[in-house]
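Text of the file query-v7.cif, holding mmCIF, C-alpha atoms and all ligand atoms:
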data_model
loop_
_atom_site.label_atom_id
_atom_site.label_comp_id
_atom_site.auth_asym_id
_atom_site.auth_seq_id
_atom_site.Cartn_x
_atom_site.Cartn_y
_atom_site.Cartn_z
CA MET O 1 7.19 -90.41 59.57
CA ARG O 2 4.40 -92.84 60.23
CA ILE O 3 3.63 -94.39 56.85
CA VAL O 4 0.91 -96.78 55.80
CA SER O 5 2.14 -98.67 52.73
CA ILE O 6 -0.38 -100.56 50.66
CA VAL O 7 0.23 -103.59 48.46
CA GLY O 8 -2.10 -106.14 46.93
CA THR O 9 -0.62 -107.77 43.84
CA ARG O 10 2.44 -109.79 42.86
CA PRO O 11 4.45 -106.87 41.46
CA GLN O 12 3.62 -104.78 44.52
CA LEU O 13 4.86 -107.46 46.90
CA ILE O 14 8.08 -107.53 44.88
CA LYS O 15 8.41 -103.72 44.98
CA ALA O 16 7.70 -103.69 48.71
CA ALA O 17 10.47 -106.25 49.21
CA ALA O 18 12.82 -103.85 47.42
CA LEU O 19 11.76 -100.81 49.46
CA LEU O 20 10.97 -102.00 52.98
CA PRO O 21 14.52 -102.43 54.29
CA ALA O 22 15.36 -98.80 53.43
CA LEU O 23 11.94 -97.49 54.48
CA ARG O 24 11.95 -99.22 57.86
CA ARG O 25 15.40 -97.89 58.74
CA ARG O 26 14.06 -94.34 58.70
CA HIS O 27 10.32 -94.56 59.19
CA ASP O 28 7.58 -96.18 61.22
CA GLU O 29 5.80 -98.33 58.62
CA VAL O 30 2.40 -100.01 58.79
CA PHE O 31 2.20 -102.69 56.10
CA VAL O 32 -1.22 -103.30 54.53
CA ASP O 33 -2.08 -106.07 52.06
CA THR O 34 -5.42 -105.69 50.31
CA GLY O 35 -5.34 -109.31 49.13
CA GLN O 36 -6.11 -108.34 45.50
CA HIS O 37 -3.88 -111.28 44.53
CA TYR O 38 -4.53 -114.00 47.02
CA ASP O 39 -3.43 -117.43 45.86
CA GLU O 40 -0.18 -119.03 46.95
CA THR O 41 1.62 -118.71 43.61
CA MET O 42 0.67 -115.06 43.07
CA ALA O 43 1.11 -113.78 46.61
CA GLY O 44 1.83 -116.22 49.45
CA VAL O 45 5.11 -117.47 48.03
CA PHE O 46 6.66 -114.00 47.96
CA PHE O 47 6.32 -113.41 51.69
CA GLY O 48 8.64 -116.29 52.50
CA GLU O 49 10.96 -115.95 49.53
CA LEU O 50 11.52 -112.21 49.78
CA GLY O 51 11.44 -111.96 53.56
CA LEU O 52 8.42 -109.67 53.65
CA PRO O 53 6.99 -108.95 57.09
CA ARG O 54 3.55 -110.24 57.95
CA PRO O 55 1.05 -107.52 57.02
CA ASP O 56 -0.18 -105.45 59.93
CA HIS O 57 -3.55 -105.48 58.18
CA SER O 58 -4.71 -108.12 55.67
CA LEU O 59 -7.90 -106.87 54.09
CA GLY O 60 -8.78 -110.13 52.31
CA ILE O 61 -10.47 -108.33 49.40
CA GLY O 62 -10.19 -111.21 46.91
CA GLY O 63 -11.38 -111.31 43.31
CA GLY O 64 -14.14 -109.77 41.21
CA SER O 65 -14.24 -106.90 38.75
CA ALA O 66 -12.11 -103.81 39.30
CA ALA O 67 -15.23 -101.93 40.39
CA GLU O 68 -16.17 -104.63 42.89
CA GLN O 69 -12.66 -104.75 44.28
CA THR O 70 -12.44 -100.97 44.51
CA GLY O 71 -15.82 -100.87 46.22
CA ARG O 72 -14.69 -103.33 48.89
CA MET O 73 -11.25 -101.76 49.31
CA LEU O 74 -12.29 -98.16 49.94
CA PRO O 75 -14.07 -98.62 53.30
CA ALA O 76 -11.57 -101.27 54.42
CA ILE O 77 -8.61 -98.96 53.73
CA GLU O 78 -10.44 -96.01 55.25
CA ALA O 79 -10.91 -97.96 58.50
CA VAL O 80 -7.17 -98.76 58.61
CA LEU O 81 -6.23 -95.12 58.04
CA VAL O 82 -8.64 -93.87 60.71
CA ALA O 83 -7.19 -96.37 63.19
CA GLU O 84 -3.51 -95.90 62.30
CA ARG O 85 -3.51 -92.10 61.76
CA PRO O 86 -0.48 -92.08 59.39
CA ASP O 87 1.42 -89.01 58.19
CA ALA O 88 1.39 -90.44 54.67
CA VAL O 89 0.07 -93.30 52.58
CA LEU O 90 2.43 -94.97 50.14
CA VAL O 91 1.15 -96.78 47.06
CA TYR O 92 3.01 -98.61 44.29
CA GLY O 93 2.44 -98.90 40.58
CA ASP O 94 -0.85 -99.00 38.75
CA THR O 95 -3.28 -101.55 40.15
CA THR O 96 -6.74 -101.37 41.68
CA SER O 97 -5.06 -101.43 45.11
CA THR O 98 -2.94 -98.41 44.08
CA LEU O 99 -5.94 -96.31 43.13
CA ALA O 100 -8.11 -97.42 46.05
CA GLY O 101 -5.29 -96.64 48.51
CA ALA O 102 -4.68 -93.21 47.01
CA LEU O 103 -8.37 -92.35 46.86
CA ALA O 104 -9.16 -93.46 50.42
CA ALA O 105 -6.18 -91.45 51.70
CA ALA O 106 -6.98 -88.35 49.68
CA GLN O 107 -10.59 -88.39 50.88
CA LEU O 108 -9.32 -88.35 54.48
CA GLY O 109 -6.78 -85.62 53.72
CA VAL O 110 -3.79 -87.94 54.24
CA PRO O 111 -0.94 -87.11 51.81
CA VAL O 112 -0.21 -89.78 49.21
CA ALA O 113 3.21 -90.91 47.98
CA HIS O 114 3.17 -92.70 44.61
CA ILE O 115 6.01 -94.99 43.59
CA GLU O 116 6.40 -95.41 39.82
CA ALA O 117 4.69 -92.09 39.20
CA GLY O 118 4.46 -90.56 35.74
CA LEU O 119 4.44 -93.68 33.57
CA ARG O 120 2.11 -93.41 30.61
CA SER O 121 1.16 -95.79 27.83
CA PHE O 122 -1.18 -93.07 26.43
CA ASP O 123 -3.83 -95.75 26.06
CA ARG O 124 -6.82 -95.03 28.28
CA SER O 125 -8.41 -98.37 27.41
CA MET O 126 -5.86 -99.98 29.74
CA PRO O 127 -7.09 -100.22 33.34
CA GLU O 128 -3.51 -99.60 34.50
CA GLU O 129 -3.40 -96.25 32.65
CA ILE O 130 -6.55 -95.04 34.42
CA ASN O 131 -5.08 -96.08 37.77
CA ARG O 132 -1.76 -94.31 37.09
CA VAL O 133 -3.25 -91.05 35.88
CA LEU O 134 -5.72 -90.76 38.74
CA THR O 135 -3.19 -91.75 41.39
CA ASP O 136 -0.64 -89.23 40.12
CA HIS O 137 -3.24 -86.47 40.29
CA LEU O 138 -4.06 -87.41 43.89
CA ALA O 139 -0.44 -87.70 45.04
CA ARG O 140 1.57 -85.21 47.11
CA TRP O 141 4.91 -86.95 46.43
CA LEU O 142 5.56 -88.49 43.04
CA PHE O 143 8.55 -90.82 42.83
CA ALA O 144 9.36 -91.21 39.15
CA PRO O 145 11.54 -94.07 37.93
CA THR O 146 12.54 -92.50 34.60
CA ARG O 147 13.10 -89.12 32.93
CA SER O 148 10.22 -89.62 30.54
CA ALA O 149 7.94 -90.11 33.56
CA ILE O 150 8.97 -86.63 34.79
CA THR O 151 8.18 -85.19 31.37
CA ASN O 152 4.79 -86.91 31.32
CA LEU O 153 3.91 -85.43 34.71
CA ALA O 154 5.01 -81.95 33.63
CA THR O 155 2.83 -82.26 30.53
CA GLU O 156 -0.13 -82.83 32.85
CA GLY O 157 0.86 -79.83 34.97
CA ILE O 158 2.38 -81.83 37.82
CA VAL O 159 5.78 -80.47 38.89
CA ASP O 160 5.58 -80.03 42.67
CA GLY O 161 6.60 -83.02 44.77
CA VAL O 162 8.13 -84.84 41.79
CA ALA O 163 11.46 -86.63 42.29
CA LEU O 164 13.50 -88.82 39.97
CA VAL O 165 14.51 -91.77 42.16
CA GLY O 166 15.29 -94.57 39.68
CA ASP O 167 13.70 -97.96 39.48
CA LEU O 168 13.06 -99.82 42.72
CA MET O 169 12.86 -103.17 40.94
CA GLN O 170 16.42 -102.70 39.71
CA ASP O 171 17.55 -102.60 43.34
CA LEU O 172 16.01 -106.00 44.00
CA ALA O 173 17.21 -107.48 40.71
CA SER O 174 20.71 -106.24 41.53
CA ARG O 175 20.56 -107.83 45.00
CA THR O 176 19.43 -111.13 43.50
CA SER O 177 21.43 -111.33 40.28
CA ALA O 178 24.46 -113.05 41.84
CA GLU O 179 22.21 -115.91 42.98
CA VAL O 180 20.92 -116.69 39.49
CA ARG O 181 23.92 -116.25 37.20
CA ASP O 182 25.36 -119.75 37.55
CA PRO O 183 23.73 -122.01 34.91
CA ALA O 184 23.50 -124.58 37.72
CA SER O 185 20.62 -122.45 39.07
CA LEU O 186 18.68 -123.34 35.89
CA ALA O 187 19.51 -127.03 36.17
CA ALA O 188 18.40 -126.95 39.81
CA LEU O 189 14.86 -126.04 38.73
CA ASP O 190 14.44 -129.55 37.31
CA LEU O 191 12.52 -128.29 34.29
CA ASP O 192 14.75 -130.06 31.79
CA LEU O 193 15.85 -126.80 30.16
CA ALA O 194 19.25 -126.05 28.63
CA PRO O 195 20.66 -122.49 28.64
CA GLY O 196 19.78 -120.60 25.47
CA ARG O 197 17.53 -123.38 24.19
CA TYR O 198 14.10 -122.20 25.31
CA LEU O 199 11.92 -119.09 25.22
CA PHE O 200 10.48 -117.75 28.47
CA VAL O 201 7.02 -116.16 28.26
CA THR O 202 4.53 -114.33 30.50
CA VAL O 203 1.20 -112.86 29.35
CA HIS O 204 -1.32 -111.23 31.63
CA ARG O 205 -2.53 -107.80 30.44
CA ALA O 206 -6.29 -107.36 29.97
CA GLU O 207 -5.78 -106.47 26.29
CA ASN O 208 -4.22 -109.93 25.80
CA ARG O 209 -7.14 -111.75 27.42
CA THR O 210 -9.73 -111.06 24.73
CA PRO O 211 -10.58 -114.11 22.56
CA SER O 212 -9.08 -112.57 19.41
CA ALA O 213 -5.87 -111.55 21.19
CA MET O 214 -5.53 -115.00 22.76
CA VAL O 215 -5.97 -116.68 19.37
CA ALA O 216 -3.22 -114.40 18.01
CA TRP O 217 -0.61 -114.85 20.75
CA THR O 218 -1.15 -118.58 21.18
CA ALA O 219 -0.60 -118.95 17.42
CA LEU O 220 2.48 -116.72 17.69
CA LEU O 221 3.93 -118.91 20.46
CA ALA O 222 3.09 -122.08 18.52
CA SER O 223 4.95 -120.75 15.49
CA LEU O 224 8.12 -120.04 17.53
CA ALA O 225 8.09 -123.24 19.56
CA ALA O 226 10.00 -126.33 18.47
CA PRO O 227 11.04 -129.58 20.13
CA ASN O 228 14.64 -128.31 20.37
CA ARG O 229 13.51 -124.87 21.54
CA PRO O 230 10.36 -125.17 23.65
CA VAL O 231 8.37 -122.20 24.85
CA LEU O 232 7.97 -122.05 28.62
CA LEU O 233 4.85 -120.11 29.59
CA ALA O 234 4.52 -119.19 33.28
CA LEU O 235 0.77 -118.82 33.13
CA HIS O 236 -0.95 -116.13 35.19
CA PRO O 237 -4.19 -117.51 36.71
CA GLY O 238 -6.26 -114.72 35.13
CA THR O 239 -4.92 -115.60 31.68
CA ALA O 240 -5.43 -119.32 32.36
CA ALA O 241 -9.08 -118.67 33.22
CA ALA O 242 -9.59 -116.56 30.08
CA LEU O 243 -8.05 -119.28 27.86
CA GLU O 244 -10.24 -121.89 29.51
CA THR O 245 -13.41 -119.84 29.02
CA ALA O 246 -12.57 -119.26 25.35
CA GLY O 247 -11.68 -122.95 24.86
CA ILE O 248 -8.22 -122.08 23.49
CA ARG O 249 -5.54 -124.75 23.75
CA LEU O 250 -1.79 -124.31 23.57
CA ALA O 251 0.49 -126.13 21.13
CA ASP O 252 2.49 -129.16 22.28
CA ASP O 253 5.84 -127.39 22.39
CA VAL O 254 4.39 -124.63 24.54
CA ARG O 255 5.00 -125.89 28.06
CA VAL O 256 2.71 -124.34 30.62
CA ILE O 257 3.96 -123.96 34.17
CA ALA O 258 2.39 -122.29 37.20
CA PRO O 259 3.49 -118.76 38.11
CA GLN O 260 6.95 -118.98 39.61
CA GLY O 261 8.75 -117.33 42.51
CA TYR O 262 10.88 -114.24 42.00
CA ARG O 263 14.33 -115.89 41.88
CA THR O 264 13.07 -118.65 39.60
CA THR O 265 11.62 -116.06 37.24
CA LEU O 266 14.92 -114.16 37.09
CA THR O 267 16.76 -117.46 36.52
CA LEU O 268 14.41 -118.43 33.71
CA GLN O 269 14.84 -115.05 32.06
CA LEU O 270 18.62 -114.85 32.31
CA HIS O 271 19.31 -118.25 30.77
CA ALA O 272 16.61 -118.14 28.06
CA ALA O 273 17.30 -117.64 24.35
CA ALA O 274 14.80 -114.78 24.59
CA VAL O 275 11.90 -113.49 26.68
CA LEU O 276 8.44 -112.70 25.31
CA THR O 277 6.18 -110.72 27.62
CA ASP O 278 3.54 -108.07 28.11
CA SER O 279 4.65 -107.48 31.70
CA GLY O 280 6.07 -104.15 32.81
CA GLY O 281 8.32 -105.80 35.38
CA VAL O 282 9.52 -108.68 33.24
CA GLN O 283 10.45 -106.40 30.35
CA ARG O 284 12.67 -104.26 32.59
CA GLU O 285 14.25 -107.31 34.17
CA ALA O 286 14.99 -108.71 30.71
CA ALA O 287 16.62 -105.37 29.85
CA TRP O 288 18.78 -105.35 33.00
CA LEU O 289 19.79 -108.97 32.49
CA GLY O 290 20.60 -108.28 28.83
CA VAL O 291 18.22 -110.91 27.41
CA PRO O 292 16.63 -110.31 23.98
CA CYS O 293 13.01 -109.39 24.64
CA LEU O 294 9.94 -109.28 22.40
CA LEU O 295 7.09 -107.17 23.76
CA LEU O 296 3.67 -108.66 23.10
CA ARG O 297 2.09 -105.20 23.19
CA ASP O 298 1.60 -102.29 20.79
CA ARG O 299 3.27 -99.75 23.06
CA THR O 300 5.05 -99.50 26.37
CA GLU O 301 5.22 -96.98 29.18
CA TRP O 302 8.83 -98.07 29.77
CA VAL O 303 10.21 -96.27 26.73
CA GLU O 304 13.75 -96.04 28.13
CA ALA O 305 13.90 -99.83 28.45
CA VAL O 306 13.41 -100.09 24.68
CA GLU O 307 15.61 -97.08 23.80
CA ASP O 308 18.51 -98.17 26.00
CA SER O 309 18.40 -101.84 25.02
CA GLY O 310 20.72 -101.44 22.05
CA GLY O 311 18.03 -102.99 19.85
CA ARG O 312 17.63 -106.04 22.10
CA MET O 313 14.06 -105.14 23.09
CA VAL O 314 11.48 -104.86 20.31
CA ILE O 315 7.76 -104.13 20.35
CA VAL O 316 6.21 -106.82 18.15
CA GLY O 317 2.59 -106.70 19.32
CA LEU O 318 0.86 -109.93 18.30
CA ASP O 319 2.34 -109.94 14.79
CA ARG O 320 3.51 -113.50 14.18
CA ALA O 321 5.72 -112.78 11.16
CA LEU O 322 7.35 -109.80 12.85
CA ALA O 323 7.98 -111.85 16.00
CA ALA O 324 9.62 -114.67 14.04
CA ALA O 325 11.80 -112.30 11.99
CA THR O 326 12.79 -110.29 15.08
CA LEU O 327 13.67 -113.40 17.06
CA GLU O 328 15.82 -114.69 14.20
CA ARG O 329 17.56 -111.31 13.97
CA LEU O 330 18.21 -111.08 17.73
CA VAL O 331 19.11 -114.75 18.23
CA PRO O 332 20.32 -116.00 14.85
CA GLY O 333 20.44 -119.72 14.06
CA ASN O 334 21.94 -121.69 16.91
CA ALA O 335 23.42 -118.70 18.72
CA GLY O 336 21.11 -119.03 21.75
CA PRO O 337 23.35 -121.17 24.00
CA ALA O 338 26.53 -119.15 23.36
CA MET O 339 24.66 -115.87 23.91
CA ALA O 340 23.14 -117.16 27.15
CA ALA O 341 26.50 -118.38 28.47
CA ASP O 342 28.19 -115.09 27.63
CA ARG O 343 25.40 -113.05 29.20
CA ALA O 344 25.41 -115.03 32.44
CA ALA O 345 29.20 -114.82 32.70
CA ARG O 346 29.20 -111.03 32.24
CA LEU O 347 26.17 -110.24 34.38
CA HIS O 348 26.80 -107.32 36.68
CA LEU O 349 23.83 -105.22 37.65
CA GLU O 350 24.22 -102.04 39.67
CA PRO O 351 21.45 -101.08 42.09
CA ALA O 352 19.46 -97.98 41.19
CA GLY O 353 19.44 -96.70 44.77
CA ALA O 354 15.72 -96.00 44.49
CA GLY O 355 14.84 -97.46 47.91
CA GLU O 356 17.26 -95.16 49.75
CA ALA O 357 16.21 -92.18 47.61
CA ILE O 358 12.53 -92.68 48.41
CA ALA O 359 13.09 -93.20 52.13
CA ALA O 360 15.31 -90.11 52.27
CA ALA O 361 12.90 -87.94 50.26
CA LEU O 362 10.04 -88.85 52.59
CA GLU O 363 12.18 -87.89 55.57
N1 LIG O 401 7.13 -112.72 38.20
C1 LIG O 401 7.21 -113.78 39.09
N2 LIG O 401 6.67 -114.98 38.70
C2 LIG O 401 6.12 -115.18 37.47
C3 LIG O 401 6.05 -114.08 36.58
C4 LIG O 401 6.54 -112.85 36.98
O1 LIG O 401 7.75 -113.64 40.19
O2 LIG O 401 5.67 -116.29 37.19
C5 LIG O 401 7.71 -111.43 38.63
C6 LIG O 401 8.62 -110.81 37.62
O3 LIG O 401 9.93 -111.35 37.72
C7 LIG O 401 8.54 -109.35 38.01
C8 LIG O 401 7.10 -109.20 38.48
O4 LIG O 401 6.65 -110.51 38.77
O5 LIG O 401 9.41 -109.07 39.09
C9 LIG O 401 6.23 -108.59 37.41
O6 LIG O 401 4.90 -108.68 37.80
P1 LIG O 401 3.70 -108.82 36.76
O7 LIG O 401 4.21 -109.29 35.47
O8 LIG O 401 2.65 -109.62 37.45
O9 LIG O 401 3.11 -107.34 36.67
P2 LIG O 401 3.57 -106.01 35.91
O10 LIG O 401 5.04 -105.82 36.14
O11 LIG O 401 3.20 -106.16 34.48
O12 LIG O 401 2.78 -104.94 36.58
#

What would the structure in this file look like if it were written as structure tokens?
Amino acid sequence: MRIVSIVGTRPQLIKAAALLPALRRRHDEVFVDTGQHYDETMAGVFFGELGLPRPDHSLGIGGGSAAEQTGRMLPAIEAVLVAERPDAVLVYGDTTSTLAGALAAAQLGVPVAHIEAGLRSFDRSMPEEINRVLTDHLARWLFAPTRSAITNLATEGIVDGVALVGDLMQDLASRTSAEVRDPASLAALDLDLAPGRYLFVTVHRAENRTPSAMVAWTALLASLAAPNRPVLLALHPGTAAALETAGIRLADDVRVIAPQGYRTTLTLQLHAAAVLTDSGGVQREAAWLGVPCLLLRDRTEWVEAVEDSGGRMVIVGLDRALAAATLERLVPGNAGPAMAADRAARLHLEPAGAGEAIAAALE
């Protein structure tokens, strides 16, 4: 098949890196980058690190509101589809680029394949939820990562074209896990961190960028941070800008670093005492790596990650007391270093086989 695949954000570049080897073995792929994420740390770095091909079309859409981005993407994607005449358009996840790609394709009558179909947080105030629901209802092929995603689709009357393929990001994490398990990979980062003696954090969801939410999670991080257990926050540029606008400062033991590359992020997760995040990708990676994980959200669309974690992943929202009590329960006293060493020594992550399953299903 001739397939136009559309990416635009950090997690989509990572998912594309997981899929493209399998996809390109069986299909003729045209790789399109909308440029929704455009700076070096959020996009550029992943091309080199993950061996992504140069995009056949870089749309250079850039920033702005979701409506502005969607408005610029639709005609730009339409022009690519008219020129390339694909048999299908493939979109990933739940971003503005996902929805714009699906909508432009559907309007031209080009069938849409959606990777990570069927996920639901059941919270329509989240922009991602709108993007997922609409994309699923436009899609001809729906590649679901989990059983609950299949159930969610069925509840909305979508059963045709649905396939359970597993989680593409697990394939990439599996491929990379051997490179990060040696504690020397943490030392090599030169961040002055000891295994099990720091907390690794990412925060980027829109619901955590309101002034009241930022006051709550910065206070939560401050309360967990200590000189002998610093918090390492890999700060998303959108969150950094929101903190700056609101004039919110982080506590001294909360160390802010720029967004990191993929391998560095896996390294920082694996050897941490615990991970705190609102990211869909980071929470699953924490689950696969076996790291205790506190979710800085009220709900998650990755319900299996929580259910299958053996209690290691807990939704704490922005509740400071609950976060502190949960962290102490999951990583009691000084257990962090021993837990991290044990986890790294045992790490063995099987691939999900999602890339092959998707490429084969399209064939
Ligand atoms: N990630 C990264 N650098 C960072 C933070 C996250 O490479 O500084 C990776 C992370 O390991 C995961 C993906 O980005 O593979 C998750 O993307 P993100 O959190 O931006 O979006 P979400 O998964 O919530 O859609």

Item checked: Test item: residues no farther than 9 Å from ligand LIG 401 (chain O), counting all atoms listed in the file, as a ChimeraX atom specification -> /O:9-15,41-42,46,93-95,128,169,172-173,201-205,233-236,257-266,269,277-285

Notebook entry, point to check: Which is closer to Ile358 in chain O than all the others in O:Tyr92, O:Phe122, O:Phe143, O:Tyr38, using all atoms listed in the file?
Noted result: O:Phe143

Item checked: Shortest interatomic distance to Val162 in chain O - which of O:Ala113, O:Ala194, O:Val254, O:Ala106, counting all atoms listed in the file -> O:Ala113

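The interatomic distance for the pair CA of Asp182 in chain O and CA of Gln170 in chain O works out to 19.4 Å.
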
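Reported to one decimal place, the separation of CA of Ala272 in chain O from CA of Thr326 in chain O is 15.6 Å.
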
Next item on the list: Find the distance between CA of Ala100 in chain O and CA of Glu49 in chain O and write it in Å to one decimal.
Entry: 26.8 Å

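The residue that comes closest to Val215 in chain O, out of O:His114, O:Arg85, O:Arg320, O:His37 and on the basis of only C-alpha atoms, is O:Arg320.
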
Extending 6 Å beyond the listed atoms of range 12-25 of chain O on each side, what axis-aligned box results? I want centre and edge lengths in Å to one decimal, as lines of an AutoDock Vina configuration file.
center_x = 9.5
center_y = -102.5
center_z = 51.6
size_x = 23.8
size_y = 22.0
size_z = 26.2

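Nearest to Leu74 in chain O of all the residues O:Ala286, O:Leu221, O:Val306, O:Leu99 is O:Leu99, counting only C-alpha atoms.
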
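Excluding Thr155 in chain O and any residue on its chain fewer than 5 positions from it, the residues at most 10 Å away by all atoms listed in the file are Gly118, Ala149 and Ile150 of chain O.
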
I want to know what sits within 9 Å of Val165 in chain O, based on all atoms listed in the file, with residues of the same chain fewer than 3 positions away left out; could you give that as a PDB file with C-alpha atoms, in the coordinates of the input?
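Final output, around-v9.pdb:
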ATOM      1  CA  PHE O 143       8.550 -90.820  42.830  1.00  0.00           C
ATOM      2  CA  ALA O 144       9.360 -91.210  39.150  1.00  0.00           C
ATOM      3  CA  PRO O 145      11.540 -94.070  37.930  1.00  0.00           C
ATOM      4  CA  THR O 146      12.540 -92.500  34.600  1.00  0.00           C
ATOM      5  CA  LEU O 168      13.060 -99.820  42.720  1.00  0.00           C
ATOM      6  CA  ALA O 352      19.460 -97.980  41.190  1.00  0.00           C
ATOM      7  CA  GLY O 353      19.440 -96.700  44.770  1.00  0.00           C
ATOM      8  CA  ALA O 354      15.720 -96.000  44.490  1.00  0.00           C
ATOM      9  CA  GLY O 355      14.840 -97.460  47.910  1.00  0.00           C
ATOM     10  CA  GLU O 356      17.260 -95.160  49.750  1.00  0.00           C
ATOM     11  CA  ALA O 357      16.210 -92.180  47.610  1.00  0.00           C
ATOM     12  CA  ILE O 358      12.530 -92.680  48.410  1.00  0.00           C
TER      13      ILE O 358
END

Would you kindly place N, CA and C atoms on range 75-88 of chain O and return the model as a short mmCIF file (atom, residue, chain, number, x, y, z; two decimals), in the frame of the given file?
data_model
loop_
_atom_site.label_atom_id
_atom_site.label_comp_id
_atom_site.auth_asym_id
_atom_site.auth_seq_id
_atom_site.Cartn_x
_atom_site.Cartn_y
_atom_site.Cartn_z
N PRO O 75 -13.77 -98.71 51.86
CA PRO O 75 -14.07 -98.62 53.30
C PRO O 75 -13.08 -99.39 54.16
N ALA O 76 -12.53 -100.49 53.62
CA ALA O 76 -11.57 -101.27 54.42
C ALA O 76 -10.29 -100.46 54.63
N ILE O 77 -9.82 -99.78 53.58
CA ILE O 77 -8.61 -98.96 53.73
C ILE O 77 -8.90 -97.75 54.62
N GLU O 78 -10.07 -97.17 54.42
CA GLU O 78 -10.44 -96.01 55.25
C GLU O 78 -10.38 -96.37 56.73
N ALA O 79 -10.90 -97.55 57.08
CA ALA O 79 -10.91 -97.96 58.50
C ALA O 79 -9.47 -98.09 59.02
N VAL O 80 -8.58 -98.63 58.20
CA VAL O 80 -7.17 -98.76 58.61
C VAL O 80 -6.57 -97.37 58.84
N LEU O 81 -6.85 -96.45 57.93
CA LEU O 81 -6.23 -95.12 58.04
C LEU O 81 -6.77 -94.36 59.26
N VAL O 82 -8.06 -94.52 59.53
CA VAL O 82 -8.64 -93.87 60.71
C VAL O 82 -8.00 -94.42 61.97
N ALA O 83 -7.77 -95.75 61.99
CA ALA O 83 -7.19 -96.37 63.19
C ALA O 83 -5.70 -96.06 63.33
N GLU O 84 -4.98 -96.03 62.23
CA GLU O 84 -3.51 -95.90 62.30
C GLU O 84 -3.02 -94.46 62.28
N ARG O 85 -3.84 -93.53 61.81
CA ARG O 85 -3.51 -92.10 61.76
C ARG O 85 -2.09 -91.84 61.20
N PRO O 86 -1.82 -92.28 59.95
CA PRO O 86 -0.48 -92.08 59.39
C PRO O 86 -0.25 -90.64 58.94
N ASP O 87 1.05 -90.30 58.78
CA ASP O 87 1.42 -89.01 58.19
C ASP O 87 1.32 -89.07 56.67
N ALA O 88 1.45 -90.28 56.13
CA ALA O 88 1.39 -90.44 54.67
C ALA O 88 0.95 -91.85 54.32
#
